[in-house]
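Engineer: Pasting a structure below so you can have a look.
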Amino acid sequence: MKDDILVQTKDLQTFFYTDEGVVRAVDGVDIKISVGETLGLVGESGCGKSVTSLSIMRLIPWPPGKIVGGEIWFKGEDILKKSEEEMRRIRGSQISMIFQEPMTSLNPVFTVGYQISEAVLVHQDVTEEEAKKRAIEMLDLVGIPDPEKRYNEYPHQMSGGMRQRVMIAMALSCNPDLLISDEATTALDVTIQAQILELMKDLKRKIGMAILLITHNLSVIAEMADNVAVMYSGKIVEYSDIKTIFKSPQHPYTYGLLSSIPLVTKKRVKGEKLPIIEGVVPNPYHLPTGCYFNPRCPYSTKICREEDPKIEEVAPGHFVKCWNYLKPGMGV
Amino acid sequence: MRNYIIRRLLQMIPLILGISFLVFIILSLTGDPFAALMENPRVKIEDIRRLQHQWGFDLPVYLRYFKWLFSIFKGDWGPSLLYPGRMSYDVVMARIPVTLQVMGISFLVALIVAIPIGIYSAVHQYSFADYLVTSLSFFGMSMPTFWFGLMLMILFSLVIQINGMPLLPPGGIMTPGILSEPFWVRFVDRLKYLVMPVIVLAFNSMGPWSRYMRSSMLEVVRQDYIRTARAKGLSERVVIYKHALRNALIPIVTLVALSIPGIVSGAAITEFVFNIPGMGQLTLNAITKNDFPTAMVCLLLIGFLTIFFNLVADIVYAIVDPRIRYA
Amino acid sequence: MARDITTEEAREELISPEEFSYWKMVWKRLRKHKLAMVGMYMLIVIIIICLIGPLIYRVDPNYQIEGPYELLSPGAVDPNGVRHPLGTDDFARDVLARLLYGGRVSLLIGFSASISAALVGAVIGLISGYYGKTIDNILMRITDIFLCLPTIPLLIALASVIGKGILQLIFVIVVFGWMTDARLVRGVILSLKEQEFTEAARAIGVPPSRIMFKHLLPNTLAYIIIGTTLGIGSSIIYEASISFLGFGVQAPTASWGNMLQGAQNYIWRAPFLVFYPGILIFITVLAFNFFGDGLRDALDPRLKL
């Protein structure tokens, strides 16, 4: 059962057509998530992680965005070929998504409870009372005290942490197979963040769902993910299980990301500066030739500037897209 | 909530006093209205002097204001000068039903048209229909109402004629002799006279309203909670007409409530052009012909309506937006 | 379309990004707005015609042809051999000439009134926003009172009283038009006040008037410009309304508004007299509205005016 693949993208390409040019937000991305697995998708702002998740949900707004190529397989079917009506039935019931801003992600004119019931009513053939009961159950499940009373409250009457819990309740109300969490904890206080992550781990155990965890925060990944995919400028540059990524990253970008985390336990030499990755993310309208990362890469060589690297499996289950990937053992 | 209303009602009082003072000052600049009566042989000098004293025209302006205020409290708004023998208050009140008809119908027509086309325009942004609607809205906002009225008159009364008779009557409010006819005939007759003024007034309001509806919808549709609604698997129809619209209508409700006094005062010129015996036309006549008491009644009525609908707008907004209702 | 660049170029871009001036960006955004561009071209045409027109079409707008030559139809020729492309009015004056000179008057009034109202409003908003508390309270109450006044009737009342003429007309329009800008500027000032640069200026002892005029006011410039542009349209309509009722610009000086006043009585005999001034008012106001709308979007797309 563990090898059952739930979601798989093959050479997914999503482009945005703007006045200034075409942005290749997702440019040939292959990821896979098995049943019950937590996949972490890491990268800086603008690298295409959100667009990947929105592509899986087929929520890319046209204009200006469009899925232009590739396949997305969900439960054995290519969902890119499905009609909008069929997709609608999947959204919210089989694949659910929670977003970054809990303060603005809930409709201010409807009660919190109603918004959860609505999700149930749309996907399941139940009465209003049964939906309400389910909503109250979910509120309780996500740890909101006094759920019957809270059902009738409006979003503005709740704190950010509570609203995010409501979002989770809404997303899980139909027992989805996959939960996509797009920076769901980034806007929250650290303590609340920890609570929400605990909640997600707990619910995952109870329901057995898979999670696509999108974040730029490596410590969240460390805590939650089974496997990790690192994205840069619309492409996956490294993929492996969590231990390997942290112990022996092979791509210079991953290595750079991990080295820049200030660890309390790491021995410090006086006067030593925190390592950073020089430069900034490339302008999507002016991408470099060859490997997109090469202008910032301390190990770049001639071939890096000319040809886009191929993906290589450097160890079983460990994939790197680099000409000069680092030798094993050069970990953090 | 109740405290809020009470507080606002109390705040209205200094506002009305302020308006009345300002209006009084402005009108007083037109000089002594009773002086003109001296020319009229039918009016006795003693009566003129009495009226002048009664209205304080032998006093400086600010004292005169208080004298006027005092008589208002007694319920005495003074005699009308345009219509000798009648009290100004009664003259104004008699004219209200006509203005109400013109205004009320225009208001409804504008609302029924502006809201749907604003929504359609937003949902189909950048389409041909969107540009058409946007352009038409701008037309509505930019057209001088009196000119539009005159042009409509030319079109429907001069250019389009059936058997030598104008299609629509160019002004007035009823055909002479119609009062003896049964209700149905009178009703249709009245409609014929109202068509053009209503088109003018409605078109004028439709412009800004449809634009605001469009921009409100556009703004709401970009919000995060709409993305959440779609991610939940709701159909696009439900997302737009339930989740988005409900939010987009909130500022519109306020806007419409605030526009109402504007329609009343703006109707003045339209009534003038179409020779409709309503309150607006009376206001203009009273001002231009120095019927001071009547003018005061009219202007204060409009001022009061403005403040009142300001309050109504705020209350409705509080009811409709849960963020304010359950602060 | 995205083009691939060499690594050297990419490196360079990282170090020295393209410089963006505020006004260049505004212009760029404005250009994209189709309606605004249409409005702008319309305005350029109208303004040029009104400015240069009278120099090319040298006919006296006030000259009354002797004899019964009133209300000649457009295109008619009078006994002096002069062709009147748009006919003559009820005083046997050439309509086209009156339109051209009238355009100058109406545009002048519209522009002056609007910018004066914007400036008055801005100053009041500035003082109100900066000093806050009591002064703000009083000024805002006054603003509220003015906002609740029925505009058109009072415009007429005031106009009928302070005498007829262009300056008086401008004054009247300003009296009833300063409020929107005042509120707008006050809002901007209130939010700017909270920002650190005001605190810093105060801390090093800059006097309030200097803070207001040198630091805060330039930030409100965008809003003042928008207010002025959109206000020109309504000022022109106010001028037209007041003149239409007989209180604004007085004959023999022509303005689009008072031409309509004269035309009223002749709508059955000479409808063209109603059509021409009105259509010009309409097109001009429309152009200002198109342009002002695009300008607002370009200066601050987030603005919810």
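Convention: chains lettered A, B, ... in structure tokens order; per-chain residue numbering from 1; ligands numbered from 1 as shown.
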Any chance you could list, as JSON, numbers by chain, the residues in stretch 114-264 of chain C that come up alpha helix (DSSP H) when DSSP is run on the backbone?
Structural biologist: {"C": [114, 115, 116, 117, 118, 119, 120, 121, 122, 123, 124, 125, 126, 127, 128, 129, 130, 131, 133, 134, 135, 136, 137, 138, 139, 140, 141, 142, 143, 144, 145, 146, 147, 151, 152, 153, 154, 155, 156, 157, 158, 159, 160, 161, 166, 167, 168, 169, 170, 171, 172, 173, 174, 175, 179, 180, 181, 182, 183, 184, 185, 186, 187, 188, 189, 190, 191, 192, 193, 196, 197, 198, 199, 200, 201, 202, 203, 208, 209, 210, 217, 218, 219, 220, 221, 222, 223, 224, 225, 226, 227, 228, 229, 230, 231, 232, 233, 234, 235, 236, 237, 238, 239, 240, 241, 242, 243, 244, 256, 257, 258, 259, 260, 261, 262, 263]}
Engineer: Could the residues in this selection be saved with C-alpha atoms as an mmCIF file, in the first residue's frame?
Structural biologist:
data_model
loop_
_atom_site.group_PDB
_atom_site.id
_atom_site.type_symbol
_atom_site.label_atom_id
_atom_site.label_comp_id
_atom_site.auth_asym_id
_atom_site.auth_seq_id
_atom_site.Cartn_x
_atom_site.Cartn_y
_atom_site.Cartn_z
ATOM 1 C CA SER C 114 -11.362 72.910 -10.631
ATOM 2 C CA ILE C 115 -7.798 73.681 -9.774
ATOM 3 C CA SER C 116 -8.814 76.394 -7.324
ATOM 4 C CA ALA C 117 -11.215 74.047 -5.603
ATOM 5 C CA ALA C 118 -8.518 71.402 -5.459
ATOM 6 C CA LEU C 119 -6.013 73.814 -3.947
ATOM 7 C CA VAL C 120 -8.437 75.214 -1.416
ATOM 8 C CA GLY C 121 -9.509 71.720 -0.516
ATOM 9 C CA ALA C 122 -5.923 70.557 -0.280
ATOM 10 C CA VAL C 123 -4.914 73.327 2.077
ATOM 11 C CA ILE C 124 -7.906 72.713 4.300
ATOM 12 C CA GLY C 125 -7.269 68.990 4.252
ATOM 13 C CA LEU C 126 -3.620 69.577 5.007
ATOM 14 C CA ILE C 127 -4.305 71.773 8.021
ATOM 15 C CA SER C 128 -7.053 69.520 9.234
ATOM 16 C CA GLY C 129 -5.012 66.362 8.891
ATOM 17 C CA TYR C 130 -1.820 67.766 10.296
ATOM 18 C CA TYR C 131 -3.109 69.524 13.381
ATOM 19 C CA LYS C 133 -7.952 67.060 17.288
ATOM 20 C CA THR C 134 -10.034 70.246 17.677
ATOM 21 C CA ILE C 135 -9.047 71.949 14.460
ATOM 22 C CA ASP C 136 -9.665 68.742 12.559
ATOM 23 C CA ASN C 137 -13.014 68.306 14.260
ATOM 24 C CA ILE C 138 -14.209 71.790 13.449
ATOM 25 C CA LEU C 139 -12.984 71.726 9.874
ATOM 26 C CA MET C 140 -14.529 68.323 9.256
ATOM 27 C CA ARG C 141 -17.865 69.427 10.691
ATOM 28 C CA ILE C 142 -17.807 72.381 8.355
ATOM 29 C CA THR C 143 -16.965 70.052 5.494
ATOM 30 C CA ASP C 144 -19.903 67.845 6.424
ATOM 31 C CA ILE C 145 -22.247 70.792 6.446
ATOM 32 C CA PHE C 146 -21.112 71.882 3.027
ATOM 33 C CA LEU C 147 -21.407 68.345 1.717
ATOM 34 C CA THR C 151 -25.555 71.891 -4.702
ATOM 35 C CA ILE C 152 -27.445 72.975 -7.751
ATOM 36 C CA PRO C 153 -30.108 75.102 -6.096
ATOM 37 C CA LEU C 154 -27.562 76.839 -3.920
ATOM 38 C CA LEU C 155 -25.180 77.326 -6.813
ATOM 39 C CA ILE C 156 -27.995 79.149 -8.528
ATOM 40 C CA ALA C 157 -28.823 81.117 -5.409
ATOM 41 C CA LEU C 158 -25.278 82.251 -4.860
ATOM 42 C CA ALA C 159 -24.717 82.939 -8.513
ATOM 43 C CA SER C 160 -27.853 85.013 -8.745
ATOM 44 C CA VAL C 161 -26.668 87.065 -5.856
ATOM 45 C CA ILE C 166 -16.730 84.732 -14.996
ATOM 46 C CA LEU C 167 -14.790 85.360 -11.806
ATOM 47 C CA GLN C 168 -17.905 85.197 -9.724
ATOM 48 C CA LEU C 169 -18.847 81.969 -11.419
ATOM 49 C CA ILE C 170 -15.501 80.420 -10.627
ATOM 50 C CA PHE C 171 -15.843 81.556 -7.042
ATOM 51 C CA VAL C 172 -19.265 79.963 -6.728
ATOM 52 C CA ILE C 173 -18.100 76.650 -8.134
ATOM 53 C CA VAL C 174 -15.146 76.603 -5.759
ATOM 54 C CA VAL C 175 -17.398 77.296 -2.776
ATOM 55 C CA MET C 179 -14.934 69.344 -0.018
ATOM 56 C CA THR C 180 -13.971 66.166 -1.854
ATOM 57 C CA ASP C 181 -10.357 67.217 -2.208
ATOM 58 C CA ALA C 182 -10.234 68.310 1.417
ATOM 59 C CA ARG C 183 -11.386 64.913 2.600
ATOM 60 C CA LEU C 184 -9.036 63.118 0.254
ATOM 61 C CA VAL C 185 -5.970 65.085 1.202
ATOM 62 C CA ARG C 186 -6.826 64.851 4.876
ATOM 63 C CA GLY C 187 -6.981 61.091 4.582
ATOM 64 C CA VAL C 188 -3.595 60.950 2.928
ATOM 65 C CA ILE C 189 -2.072 63.313 5.479
ATOM 66 C CA LEU C 190 -3.454 61.270 8.344
ATOM 67 C CA SER C 191 -1.770 58.149 7.077
ATOM 68 C CA LEU C 192 1.445 59.967 6.240
ATOM 69 C CA LYS C 193 1.545 61.508 9.677
ATOM 70 C CA GLU C 196 8.461 57.861 10.466
ATOM 71 C CA PHE C 197 9.719 60.625 8.283
ATOM 72 C CA THR C 198 7.264 63.071 9.831
ATOM 73 C CA GLU C 199 8.398 62.108 13.303
ATOM 74 C CA ALA C 200 11.996 62.523 12.266
ATOM 75 C CA ALA C 201 11.354 65.954 10.796
ATOM 76 C CA ARG C 202 9.557 67.080 13.914
ATOM 77 C CA ALA C 203 12.300 65.700 16.097
ATOM 78 C CA PRO C 208 5.078 72.778 11.071
ATOM 79 C CA SER C 209 4.488 74.921 8.001
ATOM 80 C CA ARG C 210 7.648 73.598 6.424
ATOM 81 C CA LEU C 217 2.158 68.119 0.383
ATOM 82 C CA PRO C 218 4.282 66.600 -2.402
ATOM 83 C CA ASN C 219 2.995 63.194 -1.422
ATOM 84 C CA THR C 220 -0.525 64.358 -1.951
ATOM 85 C CA LEU C 221 0.304 65.666 -5.391
ATOM 86 C CA ALA C 222 -1.036 62.611 -7.136
ATOM 87 C CA TYR C 223 -4.402 62.972 -5.465
ATOM 88 C CA ILE C 224 -4.601 66.668 -6.167
ATOM 89 C CA ILE C 225 -3.941 66.002 -9.833
ATOM 90 C CA ILE C 226 -6.634 63.362 -9.978
ATOM 91 C CA GLY C 227 -9.073 65.595 -8.120
ATOM 92 C CA THR C 228 -8.414 68.452 -10.507
ATOM 93 C CA THR C 229 -8.791 66.395 -13.662
ATOM 94 C CA LEU C 230 -12.022 64.771 -12.584
ATOM 95 C CA GLY C 231 -13.241 68.086 -11.221
ATOM 96 C CA ILE C 232 -12.879 69.875 -14.541
ATOM 97 C CA GLY C 233 -15.682 67.781 -15.970
ATOM 98 C CA SER C 234 -18.109 68.631 -13.217
ATOM 99 C CA SER C 235 -17.027 72.282 -13.208
ATOM 100 C CA ILE C 236 -17.848 72.555 -16.879
ATOM 101 C CA ILE C 237 -21.263 71.052 -16.239
ATOM 102 C CA TYR C 238 -21.849 73.419 -13.345
ATOM 103 C CA GLU C 239 -20.905 76.353 -15.525
ATOM 104 C CA ALA C 240 -23.245 75.116 -18.193
ATOM 105 C CA SER C 241 -26.097 74.656 -15.722
ATOM 106 C CA ILE C 242 -25.699 78.051 -14.154
ATOM 107 C CA SER C 243 -25.343 79.820 -17.482
ATOM 108 C CA PHE C 244 -28.271 77.846 -18.829
ATOM 109 C CA TRP C 256 -21.302 76.721 -24.221
ATOM 110 C CA GLY C 257 -23.716 77.004 -21.320
ATOM 111 C CA ASN C 258 -25.261 80.308 -22.178
ATOM 112 C CA MET C 259 -25.564 79.312 -25.813
ATOM 113 C CA LEU C 260 -27.894 76.610 -24.623
ATOM 114 C CA GLN C 261 -29.870 79.118 -22.688
ATOM 115 C CA GLY C 262 -30.543 81.128 -25.781
ATOM 116 C CA ALA C 263 -31.353 77.986 -27.720
#
Engineer: Could you please select, counting only C-alpha atoms, the residues of chain C within 6 Å of chain B and state them as a PDB file with C-alpha atoms, in the first residue's frame?
Structural biologist:
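Produced file result31.pdb, reproduced below:
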ATOM      1  CA  ILE C 145     -22.247  70.792   6.446  1.00  0.00           C
ATOM      2  CA  CYS C 148     -25.026  68.165   2.820  1.00  0.00           C
ATOM      3  CA  LEU C 149     -26.003  71.316   0.991  1.00  0.00           C
ATOM      4  CA  PRO C 150     -28.100  70.851  -2.108  1.00  0.00           C
ATOM      5  CA  ALA C 157     -28.823  81.117  -5.409  1.00  0.00           C
ATOM      6  CA  VAL C 161     -26.668  87.065  -5.856  1.00  0.00           C
ATOM      7  CA  GLY C 278     -24.394  70.497 -25.865  1.00  0.00           C
ATOM      8  CA  PHE C 282     -20.671  66.276 -23.589  1.00  0.00           C
ATOM      9  CA  VAL C 285     -16.560  66.240 -20.149  1.00  0.00           C
ATOM     10  CA  LEU C 286     -16.436  62.694 -21.437  1.00  0.00           C
TER      11      LEU C 286
END
Engineer: Given only C-alpha atoms, how would the per-residue table for chain A near chain B read, listing every residue at most 6 Å away with its closest atom pair and distance in Å to one decimal, sorted by chain and number, as CSV?
Structural biologist:
residue,atom,partner,partner_atom,distance
A:Arg88,CA,B:Gly233,CA,4.6
A:Arg91,CA,B:Gly233,CA,4.6
A:Gly92,CA,B:Lys232,CA,4.1
A:Thr104,CA,B:Asp224,CA,5.8
A:Ser105,CA,B:Tyr225,CA,4.2
A:Leu106,CA,B:Tyr225,CA,4.9
A:Asn107,CA,B:Tyr225,CA,5.2
A:Val109,CA,B:Pro322,CA,5.8
Engineer: At what distance in Å, to one decimal, does atom CA of A:Glu71 lie from atom CA of A:Thr9?
Structural biologist: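 Those two atoms sit 5.7 Å apart.
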Engineer: What residues in chain A lie within 10 Å of chain C, counting only C-alpha atoms, written as a list of chain:residue names?
Structural biologist: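 My answer is A:Tyr17, A:Thr18, A:Asp19, A:Glu20, A:Gly21, A:Val22, A:Val23, A:Arg24, A:Glu278, A:Gly279, A:Val280, A:Val281, A:Pro282, A:Asn283, A:Pro284, A:Tyr285, A:His286, A:Leu287, A:Pro288, A:Thr289, A:Gly290, A:Cys291, A:Tyr292, A:Asn294, A:Pro295, A:Arg296, A:Cys304, A:Arg305, A:Glu306.
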Engineer: Quick one: residues within 7 Å of stretch 197-203 of chain B, only C-alpha atoms counted, chain neighbours fewer than 4 positions away excluded, as an MDAnalysis selection string?
Structural biologist: chainID B and resid 102 105:107 109:110 140 145 148:149 207 270
Engineer: Leaving out A:Thr38 and any residue of its chain fewer than 6 positions from it, which residues lie within 10 Å of it when counting only C-alpha atoms, given as number ranges by chain?
Structural biologist: A: 178-180, 201, 204, 209-213, 221, 224-228
Engineer: Compare A:Ser117, A:Gln13, A:Gln100, A:Gln8 by their minimum atom-to-atom distance to A:Ile79, counting only C-alpha atoms, and give me the closest one.
Structural biologist: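 Closest to A:Ile79, using only C-alpha atoms: A:Gln8.
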Engineer: Got a sec to tell me which of stretch 15-110 of chain C DSSP assigns to strand (DSSP E), as a count of residues only?
Structural biologist: 4
Engineer: List the spatial neighbours of B:Leu82 as a list in words - criterion: any atom at most 10 Å away, only C-alpha atoms, same-chain residues fewer than 2 positions off excluded.
Structural biologist: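 Returned residues: Pro79, Ser80, Pro84, Gly85, Arg86, Ser88, Val91, Leu282, Asn285, Ala286, Lys289, Asn290, Asp291, Phe292, Pro293 and Thr294 of chain B.
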Engineer: From the list A:Phe74, A:Phe15, A:Tyr114, A:Tyr151, which residue is nearest A:Thr52 when using only C-alpha atoms?
Structural biologist: A:Phe15
Engineer: Work out how far apart atom CA of C:Gly53 and atom CA of C:Asp89 are and give it in Å to one decimal.
Structural biologist: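 Distance reported for this atom pair: 19.1 Å.
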Engineer: I'd like the interatomic distance between atom CA of C:Val249 and atom CA of C:Gly165, to a tenth of an Å.
Structural biologist: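 Computed distance, atom CA of C:Val249 to atom CA of C:Gly165, equals 5.2 Å.
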